$ cat protein-v6.cif   # mmCIF, C-alpha atoms, pLDDT in the B column; chains and numbers go by the auth columns
data_final
#
loop_
_atom_site.group_PDB
_atom_site.id
_atom_site.type_symbol
_atom_site.label_atom_id
_atom_site.label_comp_id
_atom_site.label_asym_id
_atom_site.label_seq_id
_atom_site.Cartn_x
_atom_site.Cartn_y
_atom_site.Cartn_z
_atom_site.B_iso_or_equiv
_atom_site.auth_seq_id
_atom_site.auth_asym_id
ATOM 1 C CA MET A 1 0.000 0.000 0.000 47.00 1 A
ATOM 2 C CA ARG A 2 1.423 3.375 -0.983 49.00 2 A
ATOM 3 C CA LEU A 3 1.558 6.173 1.610 48.00 3 A
ATOM 4 C CA PRO A 4 -0.029 9.528 0.790 51.00 4 A
ATOM 5 C CA LYS A 5 2.422 12.180 -0.417 50.00 5 A
ATOM 6 C CA LEU A 6 1.898 14.239 2.725 48.00 6 A
ATOM 7 C CA GLN A 7 2.870 11.342 4.991 54.00 7 A
ATOM 8 C CA VAL A 8 5.971 10.641 2.874 47.00 8 A
ATOM 9 C CA SER A 9 7.051 14.279 3.144 56.00 9 A
ATOM 10 C CA LEU A 10 6.554 14.296 6.911 52.00 10 A
ATOM 11 C CA PHE A 11 8.562 11.095 7.223 51.00 11 A
ATOM 12 C CA ILE A 12 11.467 12.600 5.274 56.00 12 A
ATOM 13 C CA ILE A 13 11.439 15.742 7.412 53.00 13 A
ATOM 14 C CA LEU A 14 11.439 13.714 10.638 51.00 14 A
ATOM 15 C CA LEU A 15 14.254 11.524 9.377 53.00 15 A
ATOM 16 C CA ALA A 16 16.304 14.601 8.488 51.00 16 A
ATOM 17 C CA LEU A 17 15.752 16.086 11.928 49.00 17 A
ATOM 18 C CA LEU A 18 17.022 12.876 13.504 50.00 18 A
ATOM 19 C CA VAL A 19 20.104 12.563 11.283 48.00 19 A
ATOM 20 C CA LEU A 20 21.339 16.162 10.995 49.00 20 A
ATOM 21 C CA PRO A 21 22.064 16.754 14.697 50.00 21 A
ATOM 22 C CA GLY A 22 24.288 13.699 14.613 47.00 22 A
ATOM 23 C CA CYS A 23 26.278 15.215 11.784 47.00 23 A
ATOM 24 C CA PHE A 24 26.876 18.382 13.746 46.00 24 A
ATOM 25 C CA LEU A 25 28.010 16.325 16.744 45.00 25 A
ATOM 26 C CA LEU A 26 30.864 14.642 14.788 44.00 26 A
ATOM 27 C CA PRO A 27 34.213 15.605 16.328 50.00 27 A
ATOM 28 C CA GLU A 28 36.263 18.043 14.297 52.00 28 A
ATOM 29 C CA ILE A 29 39.485 16.504 12.989 57.00 29 A
ATOM 30 C CA ARG A 30 42.271 18.818 14.083 68.00 30 A
ATOM 31 C CA ASP A 31 45.830 18.928 12.781 75.00 31 A
ATOM 32 C CA GLU A 32 48.023 18.664 15.859 83.00 32 A
ATOM 33 C CA THR A 33 50.849 20.450 14.046 83.00 33 A
ATOM 34 C CA GLU A 34 48.820 23.619 13.546 85.00 34 A
ATOM 35 C CA GLY A 35 50.869 26.571 14.691 82.00 35 A
ATOM 36 C CA TRP A 36 54.090 24.615 15.050 91.00 36 A
ATOM 37 C CA SER A 37 57.269 26.476 14.166 92.00 37 A
ATOM 38 C CA ALA A 38 59.772 25.156 11.645 92.00 38 A
ATOM 39 C CA ASN A 39 62.052 24.265 14.530 94.00 39 A
ATOM 40 C CA LYS A 40 59.379 22.206 16.290 94.00 40 A
ATOM 41 C CA LEU A 41 58.320 20.414 13.108 94.00 41 A
ATOM 42 C CA TYR A 42 61.907 19.499 12.348 95.00 42 A
ATOM 43 C CA THR A 43 62.575 18.403 15.939 95.00 43 A
ATOM 44 C CA GLN A 44 59.495 16.174 15.993 96.00 44 A
ATOM 45 C CA ALA A 45 60.382 14.723 12.588 95.00 45 A
ATOM 46 C CA LYS A 46 63.906 13.900 13.761 96.00 46 A
ATOM 47 C CA GLU A 47 62.566 12.263 16.914 96.00 47 A
ATOM 48 C CA ALA A 48 60.271 10.091 14.826 96.00 48 A
ATOM 49 C CA LEU A 49 63.176 9.273 12.516 96.00 49 A
ATOM 50 C CA ASN A 50 65.419 8.297 15.425 96.00 50 A
ATOM 51 C CA GLU A 51 62.656 6.061 16.754 96.00 51 A
ATOM 52 C CA SER A 52 62.337 4.363 13.324 96.00 52 A
ATOM 53 C CA ASP A 53 58.822 5.741 12.907 97.00 53 A
ATOM 54 C CA TYR A 54 59.553 6.546 9.280 96.00 54 A
ATOM 55 C CA ASP A 55 55.946 7.087 8.229 95.00 55 A
ATOM 56 C CA GLN A 56 55.449 9.775 10.866 96.00 56 A
ATOM 57 C CA ALA A 57 58.831 11.322 10.127 96.00 57 A
ATOM 58 C CA ILE A 58 57.972 11.622 6.441 96.00 58 A
ATOM 59 C CA ARG A 59 54.649 13.236 7.314 95.00 59 A
ATOM 60 C CA TYR A 60 56.305 15.885 9.496 95.00 60 A
ATOM 61 C CA PHE A 61 59.019 16.568 6.914 94.00 61 A
ATOM 62 C CA GLU A 62 56.392 17.040 4.201 94.00 62 A
ATOM 63 C CA ILE A 63 54.421 19.471 6.394 93.00 63 A
ATOM 64 C CA LEU A 64 57.628 21.368 7.167 94.00 64 A
ATOM 65 C CA GLN A 65 58.480 21.736 3.492 90.00 65 A
ATOM 66 C CA GLY A 66 54.936 22.824 2.670 91.00 66 A
ATOM 67 C CA ARG A 67 54.736 25.489 5.359 92.00 67 A
ATOM 68 C CA TYR A 68 58.346 26.647 5.475 91.00 68 A
ATOM 69 C CA PRO A 69 59.826 25.988 2.012 89.00 69 A
ATOM 70 C CA PHE A 70 62.860 28.193 2.594 85.00 70 A
ATOM 71 C CA GLY A 71 65.584 28.200 5.198 83.00 71 A
ATOM 72 C CA ARG A 72 67.954 25.704 6.737 85.00 72 A
ATOM 73 C CA TYR A 73 65.224 23.448 8.129 90.00 73 A
ATOM 74 C CA ALA A 74 63.698 22.944 4.678 88.00 74 A
ATOM 75 C CA GLN A 75 67.116 22.122 3.228 89.00 75 A
ATOM 76 C CA GLN A 76 67.897 19.538 5.866 91.00 76 A
ATOM 77 C CA ALA A 77 64.353 18.160 5.653 92.00 77 A
ATOM 78 C CA TYR A 78 64.964 17.168 2.022 90.00 78 A
ATOM 79 C CA LEU A 79 67.991 15.122 2.983 94.00 79 A
ATOM 80 C CA ASP A 80 66.417 13.556 6.051 95.00 80 A
ATOM 81 C CA MET A 81 63.220 12.758 4.178 96.00 81 A
ATOM 82 C CA GLY A 82 65.258 10.977 1.511 96.00 82 A
ATOM 83 C CA TYR A 83 66.791 8.850 4.256 97.00 83 A
ATOM 84 C CA ALA A 84 63.368 8.214 5.807 97.00 84 A
ATOM 85 C CA TYR A 85 61.971 7.030 2.464 97.00 85 A
ATOM 86 C CA TYR A 86 65.023 4.814 2.013 96.00 86 A
ATOM 87 C CA LYS A 87 64.576 3.187 5.424 95.00 87 A
ATOM 88 C CA PHE A 88 60.823 2.926 4.886 95.00 88 A
ATOM 89 C CA GLY A 89 61.428 0.742 1.827 92.00 89 A
ATOM 90 C CA GLU A 90 60.369 3.284 -0.797 94.00 90 A
ATOM 91 C CA PRO A 91 63.492 3.645 -2.980 93.00 91 A
ATOM 92 C CA ASP A 92 61.724 5.482 -5.809 94.00 92 A
ATOM 93 C CA SER A 93 60.515 8.205 -3.441 95.00 93 A
ATOM 94 C CA ALA A 94 63.931 8.341 -1.773 96.00 94 A
ATOM 95 C CA ILE A 95 65.738 8.785 -5.090 96.00 95 A
ATOM 96 C CA ALA A 96 63.271 11.408 -6.333 95.00 96 A
ATOM 97 C CA THR A 97 63.675 13.385 -3.084 95.00 97 A
ATOM 98 C CA LEU A 98 67.465 13.164 -3.186 96.00 98 A
ATOM 99 C CA ASP A 99 67.521 14.219 -6.838 95.00 99 A
ATOM 100 C CA ARG A 100 65.520 17.340 -5.937 94.00 100 A
ATOM 101 C CA PHE A 101 67.926 18.054 -3.099 94.00 101 A
ATOM 102 C CA ILE A 102 70.962 17.749 -5.397 95.00 102 A
ATOM 103 C CA ARG A 103 69.396 19.992 -8.041 94.00 103 A
ATOM 104 C CA THR A 104 68.214 22.584 -5.548 92.00 104 A
ATOM 105 C CA TYR A 105 71.259 22.669 -3.251 91.00 105 A
ATOM 106 C CA PRO A 106 74.262 21.551 -5.352 93.00 106 A
ATOM 107 C CA ARG A 107 76.701 23.309 -2.979 92.00 107 A
ATOM 108 C CA HIS A 108 75.193 22.037 0.253 92.00 108 A
ATOM 109 C CA PRO A 109 77.902 20.720 2.612 93.00 109 A
ATOM 110 C CA PHE A 110 76.167 17.328 2.762 95.00 110 A
ATOM 111 C CA VAL A 111 75.414 16.912 -0.943 96.00 111 A
ATOM 112 C CA ASP A 112 78.019 14.123 -1.084 96.00 112 A
ATOM 113 C CA TYR A 113 75.809 12.137 1.273 97.00 113 A
ATOM 114 C CA ALA A 114 72.860 12.647 -1.084 96.00 114 A
ATOM 115 C CA TYR A 115 74.837 11.052 -3.921 97.00 115 A
ATOM 116 C CA TYR A 116 75.882 8.204 -1.642 97.00 116 A
ATOM 117 C CA LEU A 117 72.350 7.570 -0.390 97.00 117 A
ATOM 118 C CA LYS A 118 71.045 7.517 -3.976 96.00 118 A
ATOM 119 C CA GLY A 119 73.626 4.881 -4.766 95.00 119 A
ATOM 120 C CA ARG A 120 72.623 2.854 -1.715 95.00 120 A
ATOM 121 C CA ALA A 121 68.936 3.008 -2.623 94.00 121 A
ATOM 122 C CA ASN A 122 69.674 1.588 -6.078 92.00 122 A
ATOM 123 C CA PHE A 123 72.310 -0.802 -4.728 91.00 123 A
ATOM 124 C CA ASP A 124 69.823 -2.440 -2.370 87.00 124 A
ATOM 125 C CA ARG A 125 67.542 -3.109 -5.335 83.00 125 A
ATOM 126 C CA THR A 126 70.321 -5.133 -6.995 75.00 126 A
ATOM 127 C CA ALA A 127 70.286 -7.729 -4.209 63.00 127 A
ATOM 128 C CA GLY A 128 70.054 -11.163 -5.769 53.00 128 A
ATOM 129 C CA LEU A 129 70.948 -9.880 -9.245 50.00 129 A
ATOM 130 C CA LEU A 130 72.682 -13.104 -10.190 48.00 130 A
ATOM 131 C CA ASP A 131 69.903 -15.169 -8.614 53.00 131 A
ATOM 132 C CA ARG A 132 67.529 -13.461 -11.030 50.00 132 A
ATOM 133 C CA VAL A 133 69.891 -14.178 -13.911 49.00 133 A
ATOM 134 C CA LEU A 134 69.336 -17.899 -13.569 48.00 134 A
ATOM 135 C CA PRO A 135 65.753 -18.087 -14.851 49.00 135 A
ATOM 136 C CA ARG A 136 65.228 -19.664 -18.231 48.00 136 A
ATOM 137 C CA ASP A 137 65.729 -16.388 -20.098 53.00 137 A
ATOM 138 C CA PRO A 138 68.310 -14.197 -18.336 50.00 138 A
ATOM 139 C CA THR A 139 68.151 -11.624 -21.140 50.00 139 A
ATOM 140 C CA LYS A 140 64.850 -10.436 -19.651 51.00 140 A
ATOM 141 C CA THR A 141 66.377 -9.686 -16.259 54.00 141 A
ATOM 142 C CA ASP A 142 66.494 -5.972 -15.448 59.00 142 A
ATOM 143 C CA ARG A 143 70.008 -4.819 -14.521 76.00 143 A
ATOM 144 C CA GLY A 144 69.054 -1.143 -14.591 83.00 144 A
ATOM 145 C CA ALA A 145 69.265 -0.640 -10.824 85.00 145 A
ATOM 146 C CA GLY A 146 72.809 -2.017 -10.762 88.00 146 A
ATOM 147 C CA LEU A 147 73.921 0.244 -13.592 90.00 147 A
ATOM 148 C CA GLN A 148 72.284 3.274 -11.974 92.00 148 A
ATOM 149 C CA SER A 149 73.844 2.483 -8.619 93.00 149 A
ATOM 150 C CA PHE A 150 77.271 2.242 -10.265 93.00 150 A
ATOM 151 C CA GLN A 151 76.717 5.635 -11.904 94.00 151 A
ATOM 152 C CA ASP A 152 75.572 7.185 -8.601 95.00 152 A
ATOM 153 C CA PHE A 153 78.666 5.967 -6.763 97.00 153 A
ATOM 154 C CA SER A 154 80.866 6.988 -9.697 96.00 154 A
ATOM 155 C CA ALA A 155 79.455 10.529 -9.561 96.00 155 A
ATOM 156 C CA LEU A 156 80.197 10.671 -5.833 97.00 156 A
ATOM 157 C CA VAL A 157 83.783 9.473 -6.263 97.00 157 A
ATOM 158 C CA GLU A 158 84.460 11.855 -9.170 97.00 158 A
ATOM 159 C CA ARG A 159 82.958 14.940 -7.517 96.00 159 A
ATOM 160 C CA PHE A 160 83.994 14.231 -3.930 97.00 160 A
ATOM 161 C CA PRO A 161 87.029 11.901 -3.968 96.00 161 A
ATOM 162 C CA ASP A 162 87.875 12.808 -0.356 96.00 162 A
ATOM 163 C CA SER A 163 84.342 12.318 0.991 97.00 163 A
ATOM 164 C CA LYS A 164 84.065 9.977 3.946 97.00 164 A
ATOM 165 C CA TYR A 165 81.583 7.972 1.848 97.00 165 A
ATOM 166 C CA SER A 166 83.888 7.525 -1.158 97.00 166 A
ATOM 167 C CA ASP A 167 85.824 4.506 0.108 97.00 167 A
ATOM 168 C CA ASP A 168 82.629 2.553 0.688 97.00 168 A
ATOM 169 C CA ALA A 169 81.343 3.715 -2.696 97.00 169 A
ATOM 170 C CA ARG A 170 84.497 2.399 -4.407 97.00 170 A
ATOM 171 C CA GLN A 171 84.081 -0.997 -2.786 96.00 171 A
ATOM 172 C CA ARG A 172 80.462 -1.185 -3.865 94.00 172 A
ATOM 173 C CA MET A 173 81.440 -0.138 -7.392 94.00 173 A
ATOM 174 C CA ALA A 174 83.918 -3.043 -7.542 94.00 174 A
ATOM 175 C CA PHE A 175 81.210 -5.443 -6.412 91.00 175 A
ATOM 176 C CA LEU A 176 78.762 -4.036 -8.950 91.00 176 A
ATOM 177 C CA ARG A 177 81.338 -4.188 -11.726 93.00 177 A
ATOM 178 C CA ASN A 178 81.934 -7.887 -11.057 92.00 178 A
ATOM 179 C CA SER A 179 78.212 -8.659 -10.694 89.00 179 A
ATOM 180 C CA LEU A 180 77.244 -6.853 -13.886 91.00 180 A
ATOM 181 C CA ALA A 181 80.064 -8.528 -15.803 93.00 181 A
ATOM 182 C CA GLU A 182 78.935 -11.915 -14.518 91.00 182 A
ATOM 183 C CA TYR A 183 75.406 -11.109 -15.612 90.00 183 A
ATOM 184 C CA GLU A 184 76.647 -10.432 -19.147 93.00 184 A
ATOM 185 C CA ILE A 185 78.477 -13.779 -19.152 95.00 185 A
ATOM 186 C CA HIS A 186 75.253 -15.581 -18.190 92.00 186 A
ATOM 187 C CA VAL A 187 73.475 -13.867 -21.067 93.00 187 A
ATOM 188 C CA ALA A 188 76.296 -14.674 -23.491 96.00 188 A
ATOM 189 C CA ASP A 189 76.221 -18.328 -22.421 95.00 189 A
ATOM 190 C CA PHE A 190 72.455 -18.316 -22.893 94.00 190 A
ATOM 191 C CA TYR A 191 72.968 -17.138 -26.481 96.00 191 A
ATOM 192 C CA MET A 192 75.707 -19.700 -27.117 96.00 192 A
ATOM 193 C CA ARG A 193 73.480 -22.571 -26.035 95.00 193 A
ATOM 194 C CA ARG A 194 70.828 -21.383 -28.484 95.00 194 A
ATOM 195 C CA GLY A 195 73.189 -20.932 -31.399 96.00 195 A
ATOM 196 C CA ALA A 196 73.020 -17.125 -31.402 97.00 196 A
ATOM 197 C CA TYR A 197 76.777 -16.831 -31.851 97.00 197 A
ATOM 198 C CA VAL A 198 76.915 -13.220 -33.033 97.00 198 A
ATOM 199 C CA ALA A 199 74.927 -12.076 -30.004 97.00 199 A
ATOM 200 C CA ALA A 200 77.154 -14.154 -27.709 97.00 200 A
ATOM 201 C CA ALA A 201 80.325 -12.659 -29.188 97.00 201 A
ATOM 202 C CA ASN A 202 78.907 -9.160 -28.823 97.00 202 A
ATOM 203 C CA ARG A 203 78.138 -9.761 -25.155 96.00 203 A
ATOM 204 C CA GLY A 204 81.660 -11.001 -24.588 97.00 204 A
ATOM 205 C CA ARG A 205 83.106 -7.932 -26.285 97.00 205 A
ATOM 206 C CA TYR A 206 80.838 -5.710 -24.146 96.00 206 A
ATOM 207 C CA VAL A 207 82.364 -7.225 -21.002 96.00 207 A
ATOM 208 C CA LEU A 208 85.893 -6.508 -22.250 95.00 208 A
ATOM 209 C CA GLU A 209 85.020 -2.943 -23.190 95.00 209 A
ATOM 210 C CA ASN A 210 83.212 -2.085 -19.949 93.00 210 A
ATOM 211 C CA TYR A 211 84.416 -4.481 -17.239 93.00 211 A
ATOM 212 C CA SER A 212 87.937 -5.432 -18.313 91.00 212 A
ATOM 213 C CA ARG A 213 89.140 -5.621 -14.695 90.00 213 A
ATOM 214 C CA ALA A 214 86.382 -8.004 -13.642 93.00 214 A
ATOM 215 C CA PRO A 215 87.177 -11.728 -13.223 93.00 215 A
ATOM 216 C CA ALA A 216 84.486 -12.443 -15.827 94.00 216 A
ATOM 217 C CA ALA A 217 86.751 -10.967 -18.542 95.00 217 A
ATOM 218 C CA GLU A 218 88.452 -14.373 -18.781 96.00 218 A
ATOM 219 C CA ASP A 219 85.126 -16.090 -19.489 96.00 219 A
ATOM 220 C CA ALA A 220 84.228 -13.340 -21.971 97.00 220 A
ATOM 221 C CA LEU A 221 87.325 -14.091 -24.059 96.00 221 A
ATOM 222 C CA ALA A 222 86.548 -17.803 -23.967 96.00 222 A
ATOM 223 C CA ILE A 223 82.990 -17.238 -25.143 97.00 223 A
ATOM 224 C CA MET A 224 84.167 -14.928 -27.913 97.00 224 A
ATOM 225 C CA THR A 225 86.628 -17.582 -29.101 96.00 225 A
ATOM 226 C CA ARG A 226 83.969 -20.295 -29.173 96.00 226 A
ATOM 227 C CA ALA A 227 81.495 -18.002 -30.916 96.00 227 A
ATOM 228 C CA TYR A 228 83.998 -17.031 -33.617 96.00 228 A
ATOM 229 C CA ILE A 229 84.924 -20.681 -34.167 95.00 229 A
ATOM 230 C CA ALA A 230 81.236 -21.523 -34.585 95.00 230 A
ATOM 231 C CA LEU A 231 80.901 -18.644 -37.059 95.00 231 A
ATOM 232 C CA ASP A 232 84.012 -19.854 -38.913 94.00 232 A
ATOM 233 C CA MET A 233 85.768 -16.552 -38.179 95.00 233 A
ATOM 234 C CA ARG A 234 89.133 -18.096 -37.477 93.00 234 A
ATOM 235 C CA ASP A 235 91.140 -14.867 -37.497 94.00 235 A
ATOM 236 C CA LEU A 236 88.929 -13.344 -34.825 95.00 236 A
ATOM 237 C CA ALA A 237 88.988 -16.586 -32.856 94.00 237 A
ATOM 238 C CA GLN A 238 92.805 -16.612 -32.936 94.00 238 A
ATOM 239 C CA ASP A 239 92.896 -12.971 -31.816 94.00 239 A
ATOM 240 C CA ALA A 240 90.593 -13.714 -28.876 95.00 240 A
ATOM 241 C CA ILE A 241 92.572 -16.760 -27.747 94.00 241 A
ATOM 242 C CA ARG A 242 95.836 -14.818 -28.066 95.00 242 A
ATOM 243 C CA VAL A 243 94.505 -12.106 -25.735 95.00 243 A
ATOM 244 C CA LEU A 244 93.281 -14.818 -23.363 95.00 244 A
ATOM 245 C CA LYS A 245 96.752 -16.435 -23.253 94.00 245 A
ATOM 246 C CA LEU A 246 98.383 -13.053 -22.689 94.00 246 A
ATOM 247 C CA ASN A 247 96.157 -11.983 -19.813 93.00 247 A
ATOM 248 C CA HIS A 248 95.246 -15.370 -18.326 93.00 248 A
ATOM 249 C CA PRO A 249 98.084 -17.782 -19.124 93.00 249 A
ATOM 250 C CA GLU A 250 96.746 -20.322 -16.628 93.00 250 A
ATOM 251 C CA SER A 251 93.161 -20.137 -17.860 93.00 251 A
ATOM 252 C CA ARG A 252 91.152 -23.319 -17.519 93.00 252 A
ATOM 253 C CA HIS A 253 89.663 -22.624 -20.955 93.00 253 A
ATOM 254 C CA LEU A 254 92.879 -22.737 -22.970 92.00 254 A
ATOM 255 C CA SER A 255 93.237 -26.461 -23.623 91.00 255 A
ATOM 256 C CA ASP A 256 89.642 -26.885 -24.812 91.00 256 A
ATOM 257 C CA LEU A 257 89.801 -23.760 -26.966 91.00 257 A
ATOM 258 C CA ASN A 258 93.089 -24.800 -28.578 88.00 258 A
ATOM 259 C CA ALA A 259 91.596 -28.194 -29.373 90.00 259 A
ATOM 260 C CA ALA A 260 88.453 -26.611 -30.798 87.00 260 A
ATOM 261 C CA LEU A 261 90.496 -24.221 -32.910 85.00 261 A
ATOM 262 C CA ALA A 262 92.719 -27.025 -34.197 84.00 262 A
ATOM 263 C CA SER A 263 89.799 -29.282 -35.112 83.00 263 A
ATOM 264 C CA GLY A 264 87.898 -26.439 -36.737 63.00 264 A
#
$ encode --input "protein-v6.cif" --output "structure tokens"
Amino acid sequence: MRLPKLQVSLFIILLALLVLPGCFLLPEIRDETEGWSANKLYTQAKEALNESDYDQAIRYFEILQGRYPFGRYAQQAYLDMGYAYYKFGEPDSAIATLDRFIRTYPRHPFVDYAYYLKGRANFDRTAGLLDRVLPRDPTKTDRGAGLQSFQDFSALVERFPDSKYSDDARQRMAFLRNSLAEYEIHVADFYMRRGAYVAAANRGRYVLENYSRAPAAEDALAIMTRAYIALDMRDLAQDAIRVLKLNHPESRHLSDLNAALASG
């Protein structure tokens, strides 16, 4: 049975009268940082950071930068917020924040740390690089973070060779150089096993051109020799094995490669 229009209207009015007072009784959400000075915002952010409350620290740093975009607190907030993002497991946000800091304050006394922290953020993303090379198709593995980390540390070492972070950066660069070279060897071997000899030889040459001091350079020369033999490029194969003998006279590859070259 349908209610008369008048009764429906009265019902709606009564319902509104019951609901609206409740709306007005809702507590007002207040920003506890309202009226805080730049000093207090920064102090509270640092306390949160020291207590590993990175989410809260980031929030305070963002408020500080929004309300007080100029001055020493804003400058330091950029750097500290980059660290907070890094520790919070958000490397993209950390790197973006540190990039802004470097562009905005290129002469800041702690800009060397910004370069170092960028390198660390990318370095941590390379963990297990070689473990990810072992899937069926290693050519699809992304090595971009490793390359970027190497470039970040390289920029630090070139611009600030005496920085207290440079020694650690050099050690990480050596590790990255070896890891990236080993990655290229896995890819080259992948190509060899599939008969893509030109691609394998090119990967080997890339290792020699970019990571000549890495232990994987020995394997690169061996792969190049095998690839050139398979392609019936005997002159290039002889050149590769000659360089291998010169630089790695005790190489485990030499006997097999000499036999392959002789039988070819």
$ resolve_selection --input "protein-v6.cif" --expression "the PyMOL selection byres ((chain A and resi 188-203) around 12)" --output "PDB file with C-alpha atoms, in the coordinates of the input"
ATOM      1  CA  VAL A 133      69.891 -14.178 -13.911  1.00 49.00           C
ATOM      2  CA  LEU A 134      69.336 -17.899 -13.569  1.00 48.00           C
ATOM      3  CA  PRO A 135      65.753 -18.087 -14.851  1.00 49.00           C
ATOM      4  CA  ARG A 136      65.228 -19.664 -18.231  1.00 48.00           C
ATOM      5  CA  ASP A 137      65.729 -16.388 -20.098  1.00 53.00           C
ATOM      6  CA  PRO A 138      68.310 -14.197 -18.336  1.00 50.00           C
ATOM      7  CA  THR A 139      68.151 -11.624 -21.140  1.00 50.00           C
ATOM      8  CA  LYS A 140      64.850 -10.436 -19.651  1.00 51.00           C
ATOM      9  CA  LEU A 180      77.244  -6.853 -13.886  1.00 91.00           C
ATOM     10  CA  ALA A 181      80.064  -8.528 -15.803  1.00 93.00           C
ATOM     11  CA  GLU A 182      78.935 -11.915 -14.518  1.00 91.00           C
ATOM     12  CA  TYR A 183      75.406 -11.109 -15.612  1.00 90.00           C
ATOM     13  CA  GLU A 184      76.647 -10.432 -19.147  1.00 93.00           C
ATOM     14  CA  ILE A 185      78.477 -13.779 -19.152  1.00 95.00           C
ATOM     15  CA  HIS A 186      75.253 -15.581 -18.190  1.00 92.00           C
ATOM     16  CA  VAL A 187      73.475 -13.867 -21.067  1.00 93.00           C
ATOM     17  CA  GLY A 204      81.660 -11.001 -24.588  1.00 97.00           C
ATOM     18  CA  ARG A 205      83.106  -7.932 -26.285  1.00 97.00           C
ATOM     19  CA  TYR A 206      80.838  -5.710 -24.146  1.00 96.00           C
ATOM     20  CA  VAL A 207      82.364  -7.225 -21.002  1.00 96.00           C
ATOM     21  CA  LEU A 208      85.893  -6.508 -22.250  1.00 95.00           C
ATOM     22  CA  GLU A 209      85.020  -2.943 -23.190  1.00 95.00           C
ATOM     23  CA  ASN A 210      83.212  -2.085 -19.949  1.00 93.00           C
ATOM     24  CA  TYR A 211      84.416  -4.481 -17.239  1.00 93.00           C
ATOM     25  CA  ALA A 216      84.486 -12.443 -15.827  1.00 94.00           C
ATOM     26  CA  ALA A 217      86.751 -10.967 -18.542  1.00 95.00           C
ATOM     27  CA  ASP A 219      85.126 -16.090 -19.489  1.00 96.00           C
ATOM     28  CA  ALA A 220      84.228 -13.340 -21.971  1.00 97.00           C
ATOM     29  CA  LEU A 221      87.325 -14.091 -24.059  1.00 96.00           C
ATOM     30  CA  ALA A 222      86.548 -17.803 -23.967  1.00 96.00           C
ATOM     31  CA  ILE A 223      82.990 -17.238 -25.143  1.00 97.00           C
ATOM     32  CA  MET A 224      84.167 -14.928 -27.913  1.00 97.00           C
ATOM     33  CA  THR A 225      86.628 -17.582 -29.101  1.00 96.00           C
ATOM     34  CA  ARG A 226      83.969 -20.295 -29.173  1.00 96.00           C
ATOM     35  CA  ALA A 227      81.495 -18.002 -30.916  1.00 96.00           C
ATOM     36  CA  TYR A 228      83.998 -17.031 -33.617  1.00 96.00           C
ATOM     37  CA  ILE A 229      84.924 -20.681 -34.167  1.00 95.00           C
ATOM     38  CA  ALA A 230      81.236 -21.523 -34.585  1.00 95.00           C
ATOM     39  CA  LEU A 231      80.901 -18.644 -37.059  1.00 95.00           C
ATOM     40  CA  ASP A 232      84.012 -19.854 -38.913  1.00 94.00           C
ATOM     41  CA  MET A 233      85.768 -16.552 -38.179  1.00 95.00           C
ATOM     42  CA  LEU A 236      88.929 -13.344 -34.825  1.00 95.00           C
ATOM     43  CA  ALA A 237      88.988 -16.586 -32.856  1.00 94.00           C
ATOM     44  CA  ALA A 240      90.593 -13.714 -28.876  1.00 95.00           C
TER      45      ALA A 240
END
$ resolve_selection --input "protein-v6.cif" --expression "the PyMOL selection byres ((chain A and resi 48-64) around 8)" --output "tab-separated table (two decimals) with C-alpha atoms, in the frame of the given file"
chain	number	residue	atom	x	y	z
A	38	ALA	CA	59.77	25.16	11.64
A	41	LEU	CA	58.32	20.41	13.11
A	42	TYR	CA	61.91	19.50	12.35
A	44	GLN	CA	59.50	16.17	15.99
A	45	ALA	CA	60.38	14.72	12.59
A	46	LYS	CA	63.91	13.90	13.76
A	47	GLU	CA	62.57	12.26	16.91
A	65	GLN	CA	58.48	21.74	3.49
A	66	GLY	CA	54.94	22.82	2.67
A	67	ARG	CA	54.74	25.49	5.36
A	68	TYR	CA	58.35	26.65	5.48
A	69	PRO	CA	59.83	25.99	2.01
A	73	TYR	CA	65.22	23.45	8.13
A	74	ALA	CA	63.70	22.94	4.68
A	77	ALA	CA	64.35	18.16	5.65
A	78	TYR	CA	64.96	17.17	2.02
A	81	MET	CA	63.22	12.76	4.18
A	84	ALA	CA	63.37	8.21	5.81
A	85	TYR	CA	61.97	7.03	2.46
A	87	LYS	CA	64.58	3.19	5.42
A	88	PHE	CA	60.82	2.93	4.89
$ atom_distance --input "protein-v6.cif" --atom1 "CA of Ala259 in chain A" --atom2 "CA of Pro215 in chain A"
23.5 Å
$ closest_residue --input "protein-v6.cif" --among "A:Asp92, A:Asn178, A:Ala155, A:Asp162" --to "Ser212 in chain A" --atoms "all atoms listed in the file"
A:Asn178
$ atom_distance --input "protein-v6.cif" --atom1 "CA of Leu257 in chain A" --atom2 "CA of Ala214 in chain A"
20.9 Å
$ resolve_selection --input "protein-v6.cif" --expression "the PyMOL selection byres ((chain A and resi 118-122) around 8)" --output "ChimeraX atom specification"
/A:86,91,94-95,98,114-117,123-126,145-146,148-153
$ atom_distance --input "protein-v6.cif" --atom1 "CA of Leu147 in chain A" --atom2 "CA of Pro161 in chain A"
20.0 Å
$ closest_residue --input "protein-v6.cif" --among "A:Gln171, A:Asn258, A:Ser93, A:Asn39" --to "Gly71 in chain A" --atoms "all atoms listed in the file"
A:Asn39
